[in-house]
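Peer 1: mmCIF, C-alpha atoms; chains and numbers go by the auth columns, file data36.cif:
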data_my_file
#
loop_
_atom_site.group_PDB
_atom_site.id
_atom_site.type_symbol
_atom_site.label_atom_id
_atom_site.label_comp_id
_atom_site.label_asym_id
_atom_site.label_seq_id
_atom_site.Cartn_x
_atom_site.Cartn_y
_atom_site.Cartn_z
_atom_site.B_iso_or_equiv
_atom_site.auth_seq_id
_atom_site.auth_asym_id
ATOM 1 C CA MET A 1 -108.195 134.060 35.751 0.00 1 F
ATOM 2 C CA ARG A 2 -111.774 135.249 35.449 0.00 2 F
ATOM 3 C CA ARG A 3 -111.831 134.236 31.791 0.00 3 F
ATOM 4 C CA HIS A 4 -110.963 130.650 32.717 0.00 4 F
ATOM 5 C CA SER A 5 -113.777 130.436 35.259 0.00 5 F
ATOM 6 C CA ILE A 6 -116.315 131.785 32.728 0.00 6 F
ATOM 7 C CA ILE A 7 -115.210 129.158 30.193 0.00 7 F
ATOM 8 C CA PHE A 8 -115.314 126.418 32.836 0.00 8 F
ATOM 9 C CA TRP A 9 -118.830 127.240 34.018 0.00 9 F
ATOM 10 C CA THR A 10 -120.079 127.608 30.442 0.00 10 F
ATOM 11 C CA VAL A 11 -118.792 124.125 29.634 0.00 11 F
ATOM 12 C CA MET A 12 -120.346 122.749 32.850 0.00 12 F
ATOM 13 C CA VAL A 13 -123.764 124.254 32.045 0.00 13 F
ATOM 14 C CA LEU A 14 -123.644 122.870 28.491 0.00 14 F
ATOM 15 C CA ALA A 15 -122.596 119.438 29.768 0.00 15 F
ATOM 16 C CA ALA A 16 -125.445 119.412 32.306 0.00 16 F
ATOM 17 C CA ALA A 17 -127.930 120.458 29.593 0.00 17 F
ATOM 18 C CA GLY A 18 -126.695 117.673 27.323 0.00 18 F
ATOM 19 C CA LEU A 19 -126.937 115.135 30.137 0.00 19 F
ATOM 20 C CA VAL A 20 -130.502 116.184 30.971 0.00 20 F
ATOM 21 C CA ASN A 21 -131.468 116.070 27.291 0.00 21 F
ATOM 22 C CA THR A 22 -129.992 112.571 26.901 0.00 22 F
ATOM 23 C CA LEU A 23 -131.630 111.353 30.110 0.00 23 F
ATOM 24 C CA LEU A 24 -135.038 112.567 28.967 0.00 24 F
ATOM 25 C CA SER A 25 -134.760 111.042 25.494 0.00 25 F
ATOM 26 C CA ASN A 26 -132.943 107.775 26.305 0.00 26 F
ATOM 27 C CA TRP A 27 -133.025 107.252 30.073 0.00 27 F
ATOM 28 C CA ILE A 28 -132.604 103.460 30.076 0.00 28 F
ATOM 29 C CA SER A 29 -129.050 103.767 28.736 0.00 29 F
ATOM 30 C CA PHE A 30 -128.061 105.591 31.934 0.00 30 F
ATOM 31 C CA VAL A 31 -130.095 103.607 34.452 0.00 31 F
ATOM 32 C CA ILE A 32 -128.355 100.282 33.854 0.00 32 F
ATOM 33 C CA PRO A 33 -124.727 101.558 34.172 0.00 33 F
ATOM 34 C CA ALA A 34 -125.674 103.702 37.177 0.00 34 F
ATOM 35 C CA ALA A 35 -127.277 100.681 38.869 0.00 35 F
ATOM 36 C CA LEU A 36 -124.175 98.590 38.193 0.00 36 F
ATOM 37 C CA ILE A 37 -121.873 101.273 39.591 0.00 37 F
ATOM 38 C CA ILE A 38 -124.012 101.607 42.721 0.00 38 F
ATOM 39 C CA LEU A 39 -124.123 97.806 43.155 0.00 39 F
ATOM 40 C CA VAL A 40 -120.336 97.490 42.880 0.00 40 F
ATOM 41 C CA PHE A 41 -119.836 100.346 45.349 0.00 41 F
ATOM 42 C CA VAL A 42 -122.231 98.829 47.896 0.00 42 F
ATOM 43 C CA LEU A 43 -120.616 95.386 47.591 0.00 43 F
ATOM 44 C CA TYR A 44 -117.185 96.943 47.982 0.00 44 F
ATOM 45 C CA LYS A 45 -118.172 98.982 51.013 0.00 45 F
ATOM 46 C CA TYR A 46 -120.276 96.268 52.688 0.00 46 F
ATOM 47 C CA PRO A 47 -119.070 92.839 51.495 0.00 47 F
ATOM 48 C CA PRO A 48 -121.084 89.701 52.325 0.00 48 F
ATOM 49 C CA LYS A 49 -120.032 87.882 55.492 0.00 49 F
ATOM 50 C CA ARG A 50 -118.456 84.974 53.642 0.00 50 F
ATOM 51 C CA PHE A 51 -116.038 87.331 51.832 0.00 51 F
ATOM 52 C CA ARG A 52 -114.962 89.379 54.847 0.00 52 F
ATOM 53 C CA ARG A 53 -111.412 88.900 55.903 0.00 53 F
ATOM 54 C CA GLY A 54 -110.600 87.810 59.378 0.00 54 F
ATOM 55 C CA PRO A 55 -107.739 86.152 61.195 0.00 55 F
ATOM 56 C CA LYS A 56 -107.243 82.716 59.666 0.00 56 F
ATOM 57 C CA ILE A 57 -104.900 81.387 62.324 0.00 57 F
ATOM 58 C CA LYS A 58 -104.690 82.014 66.015 0.00 58 F
ATOM 59 C CA PRO A 59 -101.303 83.403 67.105 0.00 59 F
ATOM 60 C CA SER A 60 -99.301 81.300 69.523 0.00 60 F
ATOM 61 C CA ALA A 61 -99.082 82.207 73.192 0.00 61 F
ATOM 62 C CA ARG A 62 -95.498 83.334 72.706 0.00 62 F
ATOM 63 C CA THR A 63 -96.442 85.671 69.835 0.00 63 F
ATOM 64 C CA ALA A 64 -99.417 87.025 71.782 0.00 64 F
ATOM 65 C CA ALA A 65 -97.123 87.772 74.733 0.00 65 F
ATOM 66 C CA LYS A 66 -94.716 89.664 72.473 0.00 66 F
ATOM 67 C CA MET A 67 -97.548 91.693 70.974 0.00 67 F
ATOM 68 C CA ALA A 68 -98.931 92.540 74.408 0.00 68 F
ATOM 69 C CA ALA A 69 -95.487 93.611 75.620 0.00 69 F
ATOM 70 C CA SER A 70 -94.936 95.860 72.626 0.00 70 F
ATOM 71 C CA GLN A 71 -98.353 97.484 73.099 0.00 71 F
ATOM 72 C CA ARG A 72 -97.730 98.191 76.772 0.00 72 F
ATOM 73 C CA ARG A 73 -94.401 99.961 76.325 0.00 73 F
ATOM 74 C CA PRO A 74 -93.899 102.120 73.235 0.00 74 F
ATOM 75 C CA SER A 75 -90.433 101.922 71.758 0.00 75 F
ATOM 76 C CA SER A 76 -90.104 105.701 71.339 0.00 76 F
ATOM 77 C CA ALA A 77 -90.549 106.315 75.072 0.00 77 F
ATOM 78 C CA SER A 78 -87.767 103.894 75.993 0.00 78 F
ATOM 79 C CA ARG A 79 -85.307 105.507 73.585 0.00 79 F
ATOM 80 C CA SER A 80 -86.065 109.020 74.774 0.00 80 F
ATOM 81 C CA ALA A 81 -85.502 107.943 78.371 0.00 81 F
ATOM 82 C CA GLY A 82 -81.986 106.812 77.556 0.00 82 F
ATOM 83 C CA ASP A 83 -82.265 103.140 78.504 0.00 83 F
ATOM 84 C CA GLY A 84 -82.410 102.034 74.859 0.00 84 F
ATOM 85 C CA LYS A 85 -79.123 100.777 73.467 0.00 85 F
ATOM 86 C CA ARG A 86 -77.670 102.100 70.278 0.00 86 F
ATOM 87 C CA LYS A 87 -77.580 99.754 67.315 0.00 87 F
ATOM 88 C CA HIS A 88 -74.176 98.677 66.104 0.00 88 F
ATOM 89 C CA TYR A 89 -73.782 98.230 62.385 0.00 89 F
ATOM 90 C CA PRO A 90 -70.989 96.219 60.746 0.00 90 F
ATOM 91 C CA PHE A 91 -69.981 99.229 58.649 0.00 91 F
ATOM 92 C CA GLN A 92 -66.996 101.454 59.231 0.00 92 F
ATOM 93 C CA VAL A 93 -65.965 104.747 57.651 0.00 93 F
ATOM 94 C CA ILE A 94 -62.623 104.470 55.911 0.00 94 F
ATOM 95 C CA ASP A 95 -60.676 107.621 55.050 0.00 95 F
ATOM 96 C CA GLY A 96 -59.791 107.888 51.380 0.00 96 F
ATOM 97 C CA GLN A 97 -56.295 108.239 49.923 0.00 97 F
ATOM 98 C CA LYS A 98 -56.820 111.757 48.571 0.00 98 F
ATOM 99 C CA GLY A 99 -56.381 113.398 51.919 0.00 99 F
ATOM 100 C CA LYS A 100 -58.354 116.263 53.294 0.00 100 F
ATOM 101 C CA ASN A 101 -57.521 119.540 51.589 0.00 101 F
ATOM 102 C CA ASP A 102 -59.684 122.471 52.609 0.00 102 F
ATOM 103 C CA GLY A 103 -57.990 124.598 49.959 0.00 103 F
ATOM 104 C CA ASP A 104 -59.828 122.757 47.157 0.00 104 F
ATOM 105 C CA VAL A 105 -63.061 124.714 47.460 0.00 105 F
ATOM 106 C CA PRO A 106 -65.156 124.567 44.286 0.00 106 F
ATOM 107 C CA LYS A 107 -65.334 127.818 42.311 0.00 107 F
ATOM 108 C CA PHE A 108 -69.137 127.925 42.297 0.00 108 F
ATOM 109 C CA HIS A 109 -69.421 128.321 46.062 0.00 109 F
#
Would you write out, as structure tokens, the structure that this file holds?
Peer 2:
Amino acid sequence: MRRHSIIFWTVMVLAAAGLVNTLLSNWISFVIPAALIILVFVLYKYPPKRFRRGPKIKPSARTAAKMAASQRRPSSASRSAGDGKRKHYPFQVIDGQKGKNDGDVPKFH
């Protein structure tokens, strides 16, 4: 494990030395891409006001009432209290024709 860390840090030092050497000899080739990356990041993080997303339509009074009711009473609290009804699904378990034989235990168990 120690050998890997020595190789890693050697490569990092050489990469940093190469970057510094390139920056000193040809610095303009790094300034322009760095400025573009910073500009894109700033515009992504803080978009202009005309591009910010907001609610485009106002919800109806009925929808607002439903949202307010759901925020007042969490659904998990009502189910834990026992007053929540169980959902009924249109599915039903049908026993197969093979029958239940407990003697057919697989050999790998």
Peer 1: Using only the atoms of region 55-67 of chain F listed in the file, plus 5 Å on each side, state the axis-aligned box centre and edge lengths in Å rounded to one decimal, as lines of an AutoDock Vina configuration file.
Peer 2:
center_x = -101.2
center_y = 86.5
center_z = 67.2
size_x = 23.0
size_y = 20.4
size_z = 25.1
Peer 1: Report, in Å to a single decimal, how far apart CA of Ile37 (chain F) and CA of Trp9 (chain F) are.
Peer 2: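 Answer for the CA of Trp9 (chain F) to CA of Ile37 (chain F) separation: 26.7 Å.
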Peer 1: What gap, in Å, lies between CA of Leu24 (chain F) and CA of Phe41 (chain F)?
Peer 2: 25.5 Å
Peer 1: Mind pulling up the distance from CA of Pro47 (chain F) to CA of Pro33 (chain F)?
Peer 2: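 Pair CA of Pro33 (chain F) / CA of Pro47 (chain F) returns 20.2 Å.
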